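Listing of upload.pdb; format and content: PDB, C-alpha atoms.
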```
ATOM      1  CA  MET A 118     -32.658  -0.692  22.108
ATOM      2  CA  THR A 119     -31.823  -1.564  25.655
ATOM      3  CA  ARG A 120     -29.442   0.577  27.596
ATOM      4  CA  PRO A 121     -25.899  -0.630  26.884
ATOM      5  CA  GLY A 122     -24.128  -2.552  29.558
ATOM      6  CA  SER A 123     -27.187  -2.665  31.739
ATOM      7  CA  GLY A 124     -27.048  -5.690  33.906
ATOM      8  CA  TRP A 125     -26.104  -9.298  33.521
ATOM      9  CA  TYR A 126     -27.934 -12.128  31.787
ATOM     10  CA  VAL A 127     -27.683 -15.830  32.478
ATOM     11  CA  GLY A 128     -26.441 -17.866  29.528
ATOM     12  CA  THR A 129     -27.109 -21.602  29.480
ATOM     13  CA  LEU A 130     -24.846 -23.709  27.278
ATOM     14  CA  ALA A 131     -27.122 -25.309  24.676
ATOM     15  CA  ARG A 132     -24.679 -26.710  22.113
ATOM     16  CA  ALA A 133     -20.938 -26.914  21.724
ATOM     17  CA  HIS A 134     -18.444 -28.369  19.311
ATOM     18  CA  ALA A 135     -14.702 -28.321  18.708
ATOM     19  CA  LEU A 136     -13.544 -25.820  16.087
ATOM     20  CA  THR A 137      -9.876 -26.789  16.255
ATOM     21  CA  PRO A 138      -7.801 -28.903  18.676
ATOM     22  CA  THR A 139      -7.742 -25.911  21.060
ATOM     23  CA  ALA A 140     -10.886 -23.950  20.267
ATOM     24  CA  ARG A 141     -14.559 -24.511  20.865
ATOM     25  CA  SER A 142     -17.817 -23.061  19.602
ATOM     26  CA  LEU A 143     -20.254 -22.487  22.472
ATOM     27  CA  VAL A 144     -23.893 -21.613  21.798
ATOM     28  CA  PHE A 145     -25.729 -20.202  24.803
ATOM     29  CA  THR A 146     -29.437 -19.616  25.168
ATOM     30  CA  VAL A 147     -29.784 -16.297  26.965
ATOM     31  CA  GLU A 148     -33.176 -15.417  28.369
ATOM     32  CA  GLY A 149     -34.062 -11.801  27.610
ATOM     33  CA  TRP A 150     -31.148 -11.318  25.190
ATOM     34  CA  PRO A 151     -32.093  -8.420  22.889
ATOM     35  CA  GLY A 152     -30.050  -9.677  19.929
ATOM     36  CA  ASN A 153     -26.811  -8.157  18.721
ATOM     37  CA  GLU A 154     -25.121  -6.449  15.804
ATOM     38  CA  ALA A 155     -22.198  -7.924  13.897
ATOM     39  CA  GLY A 156     -18.928  -7.268  15.711
ATOM     40  CA  GLN A 157     -20.290  -6.714  19.205
ATOM     41  CA  HIS A 158     -18.951  -8.581  22.214
ATOM     42  CA  VAL A 159     -20.062  -9.844  25.600
ATOM     43  CA  ASP A 160     -18.376  -9.836  28.956
ATOM     44  CA  VAL A 161     -18.493 -13.312  30.472
ATOM     45  CA  ARG A 162     -18.343 -13.553  34.265
ATOM     46  CA  LEU A 163     -17.476 -16.700  36.159
ATOM     47  CA  THR A 164     -17.859 -16.994  39.910
ATOM     48  CA  ALA A 165     -15.912 -19.603  41.863
ATOM     49  CA  PRO A 166     -17.449 -21.367  44.872
ATOM     50  CA  ASP A 167     -15.388 -19.091  47.155
ATOM     51  CA  GLY A 168     -16.859 -15.996  45.498
ATOM     52  CA  TYR A 169     -13.831 -15.112  43.374
ATOM     53  CA  GLN A 170     -14.975 -13.617  40.084
ATOM     54  CA  ALA A 171     -13.273 -13.374  36.708
ATOM     55  CA  VAL A 172     -14.586 -11.357  33.766
ATOM     56  CA  ARG A 173     -13.381 -11.628  30.159
ATOM     57  CA  SER A 174     -14.614 -10.118  26.904
ATOM     58  CA  TYR A 175     -15.461 -12.376  23.955
ATOM     59  CA  SER A 176     -16.571 -11.410  20.480
ATOM     60  CA  ILE A 177     -19.931 -12.801  19.398
ATOM     61  CA  ALA A 178     -19.863 -15.021  16.291
ATOM     62  CA  SER A 179     -23.644 -14.976  15.915
ATOM     63  CA  VAL A 180     -25.707 -12.010  14.807
ATOM     64  CA  GLY A 181     -29.289 -10.811  14.754
ATOM     65  CA  ALA A 182     -32.360 -10.864  16.954
ATOM     66  CA  SER A 183     -31.978 -14.424  18.188
ATOM     67  CA  GLY A 184     -32.032 -15.394  21.861
ATOM     68  CA  GLU A 185     -28.878 -17.407  21.257
ATOM     69  CA  VAL A 186     -25.303 -16.219  21.534
ATOM     70  CA  GLU A 187     -22.466 -18.119  19.873
ATOM     71  CA  LEU A 188     -18.934 -17.620  21.121
ATOM     72  CA  ALA A 189     -15.809 -19.153  19.607
ATOM     73  CA  VAL A 190     -13.152 -19.427  22.290
ATOM     74  CA  ASP A 191      -9.499 -20.316  21.843
ATOM     75  CA  LEU A 192      -7.806 -21.885  24.835
ATOM     76  CA  LEU A 193      -5.040 -19.732  26.292
ATOM     77  CA  PRO A 194      -2.738 -22.131  28.202
ATOM     78  CA  ASP A 195      -2.197 -19.635  31.034
ATOM     79  CA  GLY A 196      -5.731 -18.300  30.871
ATOM     80  CA  GLU A 197      -8.105 -18.149  33.794
ATOM     81  CA  VAL A 198     -11.392 -18.300  31.920
ATOM     82  CA  SER A 199     -10.759 -19.805  28.492
ATOM     83  CA  PRO A 200      -9.633 -23.269  29.750
ATOM     84  CA  PHE A 201     -12.877 -23.488  31.711
ATOM     85  CA  LEU A 202     -15.012 -22.530  28.701
ATOM     86  CA  VAL A 203     -13.124 -24.796  26.292
ATOM     87  CA  GLU A 204     -12.525 -27.855  28.475
ATOM     88  CA  GLU A 205     -14.883 -27.825  31.445
ATOM     89  CA  LEU A 206     -18.205 -26.176  30.688
ATOM     90  CA  GLU A 207     -20.916 -28.775  29.972
ATOM     91  CA  ILE A 208     -24.272 -28.582  28.241
ATOM     92  CA  GLY A 209     -26.774 -27.080  30.688
ATOM     93  CA  ASP A 210     -24.110 -25.218  32.683
ATOM     94  CA  THR A 211     -24.546 -21.474  33.067
ATOM     95  CA  VAL A 212     -22.351 -18.379  32.945
ATOM     96  CA  GLU A 213     -23.204 -14.711  33.442
ATOM     97  CA  MET A 214     -23.114 -12.451  30.396
ATOM     98  CA  ARG A 215     -23.187  -8.672  30.046
ATOM     99  CA  GLY A 216     -24.029  -7.241  26.640
ATOM    100  CA  PRO A 217     -24.391  -6.785  23.761
ATOM    101  CA  LEU A 218     -21.427  -4.430  24.051
ATOM    102  CA  GLY A 219     -19.617  -2.000  21.791
ATOM    103  CA  GLY A 220     -20.698   0.105  18.853
ATOM    104  CA  TRP A 221     -17.412   0.995  17.172
ATOM    105  CA  PHE A 222     -16.201  -2.329  15.804
ATOM    106  CA  VAL A 223     -19.596  -3.013  14.233
ATOM    107  CA  TRP A 224     -20.773  -3.523  10.651
ATOM    108  CA  LYS A 225     -24.373  -2.748   9.783
ATOM    109  CA  PRO A 226     -26.155  -4.231   6.750
ATOM    110  CA  GLU A 227     -27.389  -0.807   5.605
ATOM    111  CA  GLU A 228     -23.747   0.142   4.989
ATOM    112  CA  THR A 229     -23.123   0.166   1.201
ATOM    113  CA  ARG A 230     -19.381   0.767   1.011
ATOM    114  CA  PRO A 231     -17.032  -2.131   0.138
ATOM    115  CA  VAL A 232     -15.652  -3.901   3.197
ATOM    116  CA  GLN A 233     -12.278  -5.481   3.832
ATOM    117  CA  LEU A 234     -12.074  -7.715   6.892
ATOM    118  CA  ILE A 235      -8.637  -8.741   8.216
ATOM    119  CA  GLY A 236      -8.451 -11.244  11.065
ATOM    120  CA  GLY A 237      -5.524 -12.778  12.905
ATOM    121  CA  GLY A 238      -6.146 -16.085  14.706
ATOM    122  CA  SER A 239      -9.267 -16.022  16.862
ATOM    123  CA  GLY A 240      -9.605 -12.360  15.879
ATOM    124  CA  VAL A 241     -11.655 -13.733  13.021
ATOM    125  CA  VAL A 242     -14.682 -14.240  15.314
ATOM    126  CA  PRO A 243     -16.334 -10.790  15.047
ATOM    127  CA  LEU A 244     -15.556 -10.880  11.324
ATOM    128  CA  ILE A 245     -17.474 -14.170  11.073
ATOM    129  CA  ALA A 246     -20.470 -12.331  12.533
ATOM    130  CA  MET A 247     -20.014  -9.616   9.887
ATOM    131  CA  SER A 248     -19.863 -12.213   7.100
ATOM    132  CA  ARG A 249     -23.014 -13.847   8.478
ATOM    133  CA  ALA A 250     -24.785 -10.473   8.580
ATOM    134  CA  HIS A 251     -23.624  -9.824   5.017
ATOM    135  CA  THR A 252     -25.083 -13.141   3.852
ATOM    136  CA  SER A 253     -28.360 -12.962   5.764
ATOM    137  CA  SER A 254     -29.044  -9.383   4.668
ATOM    138  CA  ALA A 255     -28.216 -10.173   1.008
ATOM    139  CA  SER A 256     -25.970  -7.114   1.097
ATOM    140  CA  ALA A 257     -24.806  -5.851  -2.282
ATOM    141  CA  ALA A 258     -21.659  -4.322  -0.773
ATOM    142  CA  PRO A 259     -18.522  -6.263  -1.736
ATOM    143  CA  MET A 260     -17.008  -7.875   1.364
ATOM    144  CA  ARG A 261     -13.681  -9.683   1.508
ATOM    145  CA  LEU A 262     -11.900 -11.441   4.341
ATOM    146  CA  LEU A 263      -8.171 -11.918   4.743
ATOM    147  CA  TYR A 264      -7.699 -14.566   7.426
ATOM    148  CA  SER A 265      -4.208 -14.942   8.881
ATOM    149  CA  LEU A 266      -3.674 -18.145  10.813
ATOM    150  CA  ARG A 267      -0.879 -20.419  11.939
ATOM    151  CA  SER A 268      -1.811 -23.541  10.003
ATOM    152  CA  PRO A 269      -4.769 -25.084   8.152
ATOM    153  CA  ALA A 270      -5.728 -26.981  11.330
ATOM    154  CA  ASP A 271      -6.242 -23.688  13.178
ATOM    155  CA  ALA A 272      -9.053 -22.450  10.939
ATOM    156  CA  PHE A 273     -12.307 -21.467  12.654
ATOM    157  CA  PHE A 274     -15.522 -22.070  10.661
ATOM    158  CA  ALA A 275     -13.501 -23.343   7.670
ATOM    159  CA  ASP A 276     -16.459 -25.092   6.006
ATOM    160  CA  GLU A 277     -18.707 -22.077   6.401
ATOM    161  CA  LEU A 278     -16.140 -19.677   4.947
ATOM    162  CA  SER A 279     -15.518 -21.839   1.893
ATOM    163  CA  ALA A 280     -19.150 -22.916   1.368
ATOM    164  CA  ALA A 281     -20.726 -22.352  -2.027
ATOM    165  CA  THR A 282     -23.315 -20.138  -0.311
ATOM    166  CA  ALA A 283     -20.680 -17.837   1.198
ATOM    167  CA  THR A 284     -21.070 -14.224   0.070
ATOM    168  CA  VAL A 285     -17.669 -13.142   1.380
ATOM    169  CA  GLU A 286     -14.517 -13.956  -0.573
ATOM    170  CA  THR A 287     -11.946 -15.362   1.850
ATOM    171  CA  THR A 288      -8.188 -15.400   1.335
ATOM    172  CA  ARG A 289      -6.156 -17.431   3.808
ATOM    173  CA  HIS A 290      -2.647 -16.546   4.897
ATOM    174  CA  TYR A 291      -0.535 -18.998   6.903
ATOM    175  CA  THR A 292       2.183 -17.933   9.307
ATOM    176  CA  ARG A 293       3.678 -21.308  10.354
ATOM    177  CA  THR A 294       2.457 -24.186   8.154
ATOM    178  CA  THR A 295       0.736 -24.074   4.786
ATOM    179  CA  PRO A 296      -1.295 -26.678   2.939
ATOM    180  CA  PRO A 297       0.731 -28.695   0.397
ATOM    181  CA  ASP A 298       1.517 -26.851  -2.837
ATOM    182  CA  TRP A 299       0.678 -23.469  -1.315
ATOM    183  CA  ALA A 300       2.256 -20.699  -3.381
ATOM    184  CA  ARG A 301       3.251 -18.456  -0.477
ATOM    185  CA  ARG A 302       5.749 -19.718   2.105
ATOM    186  CA  PRO A 303       4.570 -19.428   5.704
ATOM    187  CA  GLY A 304       5.407 -16.119   7.362
ATOM    188  CA  ARG A 305       3.981 -12.983   8.814
ATOM    189  CA  LEU A 306       1.707 -10.812   6.733
ATOM    190  CA  THR A 307       3.712  -8.220   4.816
ATOM    191  CA  ALA A 308       2.662  -5.031   3.074
ATOM    192  CA  ASP A 309       2.996  -6.927  -0.220
ATOM    193  CA  ASP A 310       0.618  -9.642   1.029
ATOM    194  CA  LEU A 311      -1.871  -6.991   2.083
ATOM    195  CA  ALA A 312      -1.616  -5.163  -1.239
ATOM    196  CA  GLU A 313      -2.224  -8.404  -3.088
ATOM    197  CA  ALA A 314      -5.023  -9.874  -0.986
ATOM    198  CA  THR A 315      -7.131  -6.869   0.022
ATOM    199  CA  LEU A 316      -9.363  -4.348  -1.714
ATOM    200  CA  PRO A 317      -7.347  -1.429  -3.116
ATOM    201  CA  PRO A 318      -7.505   2.095  -1.642
ATOM    202  CA  ALA A 319      -9.223   3.257  -4.853
ATOM    203  CA  ASP A 320     -12.298   1.238  -3.801
ATOM    204  CA  GLY A 321     -12.466   3.201  -0.531
ATOM    205  CA  PRO A 322     -13.276   0.163   1.610
ATOM    206  CA  LEU A 323     -14.181   0.185   5.257
ATOM    207  CA  ILE A 324     -11.500  -1.894   6.947
ATOM    208  CA  TYR A 325     -12.021  -3.973  10.083
ATOM    209  CA  ILE A 326      -8.906  -5.451  11.683
ATOM    210  CA  CYS A 327      -9.082  -7.782  14.701
ATOM    211  CA  GLY A 328      -6.414  -9.883  16.338
ATOM    212  CA  PRO A 329      -3.642  -9.786  18.906
ATOM    213  CA  ASN A 330      -2.205  -6.341  19.600
ATOM    214  CA  GLY A 331       0.968  -6.753  17.543
ATOM    215  CA  PHE A 332      -0.969  -8.046  14.550
ATOM    216  CA  VAL A 333      -3.439  -5.170  14.676
ATOM    217  CA  GLU A 334      -0.682  -2.536  14.996
ATOM    218  CA  VAL A 335       1.322  -3.855  12.061
ATOM    219  CA  VAL A 336      -1.650  -4.444   9.760
ATOM    220  CA  ALA A 337      -3.370  -1.118  10.518
ATOM    221  CA  ARG A 338      -0.163   0.811   9.859
ATOM    222  CA  ALA A 339       0.494  -1.099   6.657
ATOM    223  CA  MET A 340      -3.025  -0.490   5.335
ATOM    224  CA  ILE A 341      -2.705   3.253   5.975
ATOM    225  CA  ALA A 342       0.738   3.215   4.325
ATOM    226  CA  LEU A 343      -0.861   1.541   1.284
ATOM    227  CA  GLY A 344      -3.061   4.606   0.953
ATOM    228  CA  HIS A 345      -6.205   3.770   2.896
ATOM    229  CA  ALA A 346      -7.814   6.609   4.844
ATOM    230  CA  ALA A 347      -7.120   6.327   8.585
ATOM    231  CA  ASP A 348     -10.762   7.042   9.369
ATOM    232  CA  HIS A 349     -11.807   4.014   7.305
ATOM    233  CA  VAL A 350      -9.801   1.700   9.541
ATOM    234  CA  ARG A 351     -11.445   0.222  12.629
ATOM    235  CA  THR A 352      -9.520  -2.025  14.961
ATOM    236  CA  GLU A 353     -10.149  -4.315  17.877
ATOM    237  CA  ARG A 354      -7.371  -5.879  19.911
ATOM    238  CA  PHE A 355      -7.519  -8.814  22.236
ATOM    239  CA  GLY A 356      -4.947 -10.073  24.627
ATOM    240  CA  GLY A 357      -4.150 -12.931  26.929
ATOM    241  CA  ILE A 358      -5.855 -11.612  30.007
TER     242      ILE A 358
ATOM    243  CA  MET B  23       1.391  -8.355  28.367
ATOM    244  CA  GLY B  24       0.540  -5.836  25.686
ATOM    245  CA  HIS B  25      -2.228  -3.308  25.725
ATOM    246  CA  LEU B  26      -5.770  -3.531  24.442
ATOM    247  CA  ASP B  27      -8.016  -0.795  23.100
ATOM    248  CA  GLY B  28     -11.108   1.048  24.238
ATOM    249  CA  ASN B  29     -13.515  -1.556  22.850
ATOM    250  CA  VAL B  30     -12.990  -3.518  26.061
ATOM    251  CA  LEU B  31     -14.456  -0.629  28.092
ATOM    252  CA  ALA B  32     -17.970  -1.049  26.684
ATOM    253  CA  GLY B  33     -19.089  -3.169  29.630
ATOM    254  CA  PRO B  34     -17.189  -1.625  32.550
ATOM    255  CA  ILE B  35     -17.961   2.013  31.629
ATOM    256  CA  GLY B  36     -21.339   1.286  30.031
ATOM    257  CA  ASP B  37     -22.481   0.275  33.500
ATOM    258  CA  LEU B  38     -21.771   3.795  34.744
ATOM    259  CA  LEU B  39     -23.134   5.899  31.892
ATOM    260  CA  SER B  40     -26.434   6.189  30.077
ATOM    261  CA  PHE B  41     -24.810   6.113  26.633
ATOM    262  CA  GLU B  42     -22.667   3.652  24.693
ATOM    263  CA  PRO B  43     -19.157   4.659  25.797
ATOM    264  CA  THR B  44     -16.903   3.251  23.075
ATOM    265  CA  THR B  45     -18.447   5.353  20.279
ATOM    266  CA  ALA B  46     -18.306   8.525  22.401
ATOM    267  CA  ARG B  47     -15.736  11.071  21.198
ATOM    268  CA  GLY B  48     -13.358  12.694  23.596
ATOM    269  CA  GLN B  49     -10.482  15.140  23.538
ATOM    270  CA  CYS B  50      -7.135  14.550  25.195
ATOM    271  CA  ALA B  51      -6.343  17.465  27.518
ATOM    272  CA  GLY B  52      -2.638  16.934  26.886
ATOM    273  CA  CYS B  53      -2.241  16.945  23.102
ATOM    274  CA  GLY B  54      -5.717  17.866  21.864
ATOM    275  CA  ASP B  55      -6.242  14.623  19.890
ATOM    276  CA  VAL B  56      -9.907  13.815  19.311
ATOM    277  CA  ALA B  57     -10.895  10.153  19.045
ATOM    278  CA  VAL B  58     -13.639   7.787  20.019
ATOM    279  CA  LEU B  59     -12.999   5.872  23.223
ATOM    280  CA  ALA B  60     -12.667   2.607  21.262
ATOM    281  CA  GLN B  61      -9.457   4.000  19.747
ATOM    282  CA  ALA B  62      -7.755   4.684  23.066
ATOM    283  CA  THR B  63      -4.972   2.514  24.433
ATOM    284  CA  VAL B  64      -6.071   0.423  27.413
ATOM    285  CA  TYR B  65      -3.932  -1.287  30.011
ATOM    286  CA  VAL B  66      -5.734  -3.872  32.100
ATOM    287  CA  HIS B  67      -4.752  -4.124  35.760
ATOM    288  CA  PRO B  68      -6.190  -6.264  38.529
ATOM    289  CA  MET B  69      -7.855  -3.160  40.002
ATOM    290  CA  GLY B  70      -9.279  -1.879  36.759
ATOM    291  CA  TYR B  71      -8.315  -0.109  33.549
ATOM    292  CA  VAL B  72      -5.868   2.662  32.725
ATOM    293  CA  VAL B  73      -6.883   4.405  29.497
ATOM    294  CA  ARG B  74      -4.263   6.389  27.616
ATOM    295  CA  CYS B  75      -4.303   8.715  24.627
ATOM    296  CA  ARG B  76      -3.472   6.860  21.402
ATOM    297  CA  THR B  77      -1.294   9.789  20.335
ATOM    298  CA  CYS B  78       0.592  11.205  23.338
ATOM    299  CA  ASP B  79       0.124   8.359  25.864
ATOM    300  CA  ASP B  80      -1.213  10.682  28.592
ATOM    301  CA  VAL B  81      -3.686   9.080  30.985
ATOM    302  CA  LEU B  82      -7.192   9.996  29.812
ATOM    303  CA  LEU B  83      -9.183   8.126  32.382
ATOM    304  CA  VAL B  84      -8.990   5.382  34.970
ATOM    305  CA  VAL B  85     -11.685   2.886  35.841
ATOM    306  CA  VAL B  86     -11.288   1.351  39.270
ATOM    307  CA  ASP B  87     -13.278  -1.665  40.340
ATOM    308  CA  ASN B  88     -13.945  -1.684  44.083
ATOM    309  CA  GLY B  89     -15.482  -5.070  44.625
ATOM    310  CA  GLY B  90     -18.211  -4.685  42.014
ATOM    311  CA  ARG B  91     -18.638  -0.929  42.451
ATOM    312  CA  SER B  92     -16.802   0.967  39.729
ATOM    313  CA  SER B  93     -15.482   4.493  39.867
ATOM    314  CA  LEU B  94     -14.397   6.629  36.950
ATOM    315  CA  ASN B  95     -11.577   9.197  37.092
ATOM    316  CA  MET B  96     -11.082  11.391  34.039
ATOM    317  CA  PRO B  97      -7.941  13.451  34.712
ATOM    318  CA  GLY B  98      -6.843  13.790  31.084
ATOM    319  CA  LEU B  99     -10.096  14.126  29.206
ATOM    320  CA  ARG B 100     -11.114  17.680  28.267
ATOM    321  CA  TRP B 101     -14.567  16.572  27.171
ATOM    322  CA  LEU B 102     -16.535  13.463  26.240
ATOM    323  CA  GLU B 103     -19.488  13.538  23.868
ATOM    324  CA  ALA B 104     -21.954  10.710  23.206
ATOM    325  CA  ALA B 105     -22.435   9.569  19.615
ATOM    326  CA  ASP B 106     -25.709  10.305  17.883
ATOM    327  CA  PRO B 107     -28.140   7.499  18.687
ATOM    328  CA  ALA B 108     -28.180   4.959  15.842
TER     329      ALA B 108
END
```
Would you write out, as structure tokens, the structure that this file holds?
Amino acid sequence: MTRPGSGWYVGTLARAHALTPTARSLVFTVEGWPGNEAGQHVDVRLTAPDGYQAVRSYSIASVGASGEVELAVDLLPDGEVSPFLVEELEIGDTVEMRGPLGGWFVWKPEETRPVQLIGGGSGVVPLIAMSRAHTSSASAAPMRLLYSLRSPADAFFADELSAATATVETTRHYTRTTPPDWARRPGRLTADDLAEATLPPADGPLIYICGPNGFVEVVARAMIALGHAADHVRTERFGGI
Amino acid sequence: MGHLDGNVLAGPIGDLLSFEPTTARGQCAGCGDVAVLAQATVYVHPMGYVVRCRTCDDVLLVVVDNGGRSSLNMPGLRWLEAADPA
């Protein structure tokens, strides 16, 4: 294991594709990258020609001992870094990356307890890495994902999550627009939604919640109110910075 | 803008310490709450990060970025203990 946070790597954009009208998957080849666990993040540093630097943290969608790092970046209209990554960065271009970072919001395949993942918007990205780790390790632990998103068009990795080979059972929740004939009207996640669509407290699941701050606060409180142990709940917030 | 949490400190503080910072446990000198750094409340400012207790909101520590050289102030942290190596 390399020392955490030690130094910066150079990531070269190898492949990219649109995930949604505003989000992009970016796969970087990173020389010397030691691999990463599911749920870890990287700090991405951009340097302008005048020397101005901007650093932002992004969750890693990929997992394992590969020399590639996949990010899934949603464009923040007022953002400083995300518009560049989503709209400007071309194949062969480079960015600086520091990581793999974090050890708290991480799921390891040797973990045998049931797992409930709850993602809001692009907060699903580290949970995608966890679902990939679950599949590739042939984990016997039950893992479920509750994915809250604005509309069907906003889904990241939709095909992968609903593939026949998926080992994680995904429930989608829509806050603005639903598919036709959807039973639940669009709206914010409520305690009733959580009770219905997540593993019950009796199963003692580990719970990973990632999304914007407000989403994480509300969902974490509701899960504890439903009877889940506070020390089973791990959260990661992101914000428009 | 709302706040973030201690997960974001993995890079900035990891550069200064020889252990993974976000899984390190610390105690708030104000209220005595014990939590891992990932659970703290973090406000991001242009000059760095202000890290507050999740329970009593006291300032636990401040990370200041001086043009690439970071400094760490820990006015409200009674102790900080690295996690067992994985």
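The closest residue to Leu323 in chain A, picked from A:Lys225, A:Arg261, A:Arg267, A:Arg230 and counting all atoms listed in the file, is A:Arg230.
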Where does range 119-155 of chain A meet range 243-257 of chain A within 10 Å, residue by residue, with the nearest atom pair and distance in Å to one decimal for each, counting all atoms listed in the file, listed by chain and rising number, as CSV?
```
residue,atom,partner,partner_atom,distance
A:Asn153,CA,A:Ala246,CA,9.8
A:Glu154,CA,A:Ala246,CA,8.2
A:Ala155,CA,A:Met247,CA,4.9
```
Residues returned when the ChimeraX specification (/B :<12) & /A runs on this file, as a ChimeraX atom specification
/A:118-125,154,156-162,168-176,214-223,225,227,327-334,347-348,350-358
For range 262-265 of chain A, please output as a list of chain:residue names all residues within 8 Å (counting only C-alpha atoms; exclusion window: fewer than 3 positions along the same chain).
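Non-adjacent residues within range: A:Gln233, A:Leu234, A:Ile235, A:Gly236, A:Gly237, A:Gly238, A:Val241, A:Leu244, A:Val285, A:Glu286, A:Thr287, A:Thr288, A:Arg289, A:His290, A:Tyr291, A:Thr292, A:Leu306, A:Ala314, A:Thr315.
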Using all atoms listed in the file, which protein or nucleic acid residues come within 10 Å of Pro68 in chain B? Drop anything in the same chain fewer than 2 positions from it, and give the result as a PDB file with C-alpha atoms, in the frame of the given file.
```pdb
ATOM      1  CA  VAL B  66      -5.734  -3.872  32.100  1.00  0.00           C
ATOM      2  CA  GLY B  70      -9.279  -1.879  36.759  1.00  0.00           C
ATOM      3  CA  TYR B  71      -8.315  -0.109  33.549  1.00  0.00           C
ATOM      4  CA  VAL B  86     -11.288   1.351  39.270  1.00  0.00           C
ATOM      5  CA  ASP B  87     -13.278  -1.665  40.340  1.00  0.00           C
TER       6      ASP B  87
END
```
Of B:Pro97, B:Gly48, B:Glu103, B:Val56, the one sitting nearest Asp80 in chain B when using all atoms listed in the file is B:Pro97
Please evaluate the PyMOL selection byres ((chain B and resi 77) around 8) against the displayed coordinates and give the resulting residues as an mmCIF file with C-alpha atoms, in the frame of the given file.
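Output contents, as saved in out-v6.cif:
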```
data_model
loop_
_atom_site.group_PDB
_atom_site.id
_atom_site.type_symbol
_atom_site.label_atom_id
_atom_site.label_comp_id
_atom_site.auth_asym_id
_atom_site.auth_seq_id
_atom_site.Cartn_x
_atom_site.Cartn_y
_atom_site.Cartn_z
ATOM 1 C CA CYS B 53 -2.241 16.945 23.102
ATOM 2 C CA ASP B 55 -6.242 14.623 19.890
ATOM 3 C CA CYS B 75 -4.303 8.715 24.627
ATOM 4 C CA ARG B 76 -3.472 6.860 21.402
ATOM 5 C CA CYS B 78 0.592 11.205 23.338
ATOM 6 C CA ASP B 79 0.124 8.359 25.864
#
```
task: Using only C-alpha atoms, determine which residues lie at most 7 Å from range 272-281 of chain A, disregarding the query and same-chain residues fewer than 4 positions distant; provide the list as a PyMOL selection string.
output: chain A and resi 136-137+266+287
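CA of Trp224 in chain A is positioned 26.6 Å from CA of Leu192 in chain A.
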Expressed in Å, the length from CA of Val232 in chain A to CA of Leu143 in chain A is 27.2 Å
Closest of A:Pro322, A:Ser268, A:Leu316, A:Glu148 to Arg302 in chain A, counting all atoms listed in the file, is A:Ser268
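You will find CA of Leu163 in chain A at 21.0 Å from CA of Ser239 in chain A.
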- prompt: Selected by the PyMOL selection byres ((chain A and resi 187) around 7) in the shown coordinates: which residues, as number ranges by chain?
  reply: A: 142-145, 177-179, 185-186, 188-189
For the residues in that selection, give me C-alpha atoms as a PDB file, in the frame of the given file.
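Everything below was put into selection_28.pdb:
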```pdb
ATOM      1  CA  SER A 142     -17.817 -23.061  19.602  1.00  0.00           C
ATOM      2  CA  LEU A 143     -20.254 -22.487  22.472  1.00  0.00           C
ATOM      3  CA  VAL A 144     -23.893 -21.613  21.798  1.00  0.00           C
ATOM      4  CA  PHE A 145     -25.729 -20.202  24.803  1.00  0.00           C
ATOM      5  CA  ILE A 177     -19.931 -12.801  19.398  1.00  0.00           C
ATOM      6  CA  ALA A 178     -19.863 -15.021  16.291  1.00  0.00           C
ATOM      7  CA  SER A 179     -23.644 -14.976  15.915  1.00  0.00           C
ATOM      8  CA  GLU A 185     -28.878 -17.407  21.257  1.00  0.00           C
ATOM      9  CA  VAL A 186     -25.303 -16.219  21.534  1.00  0.00           C
ATOM     10  CA  LEU A 188     -18.934 -17.620  21.121  1.00  0.00           C
ATOM     11  CA  ALA A 189     -15.809 -19.153  19.607  1.00  0.00           C
TER      12      ALA A 189
END
```
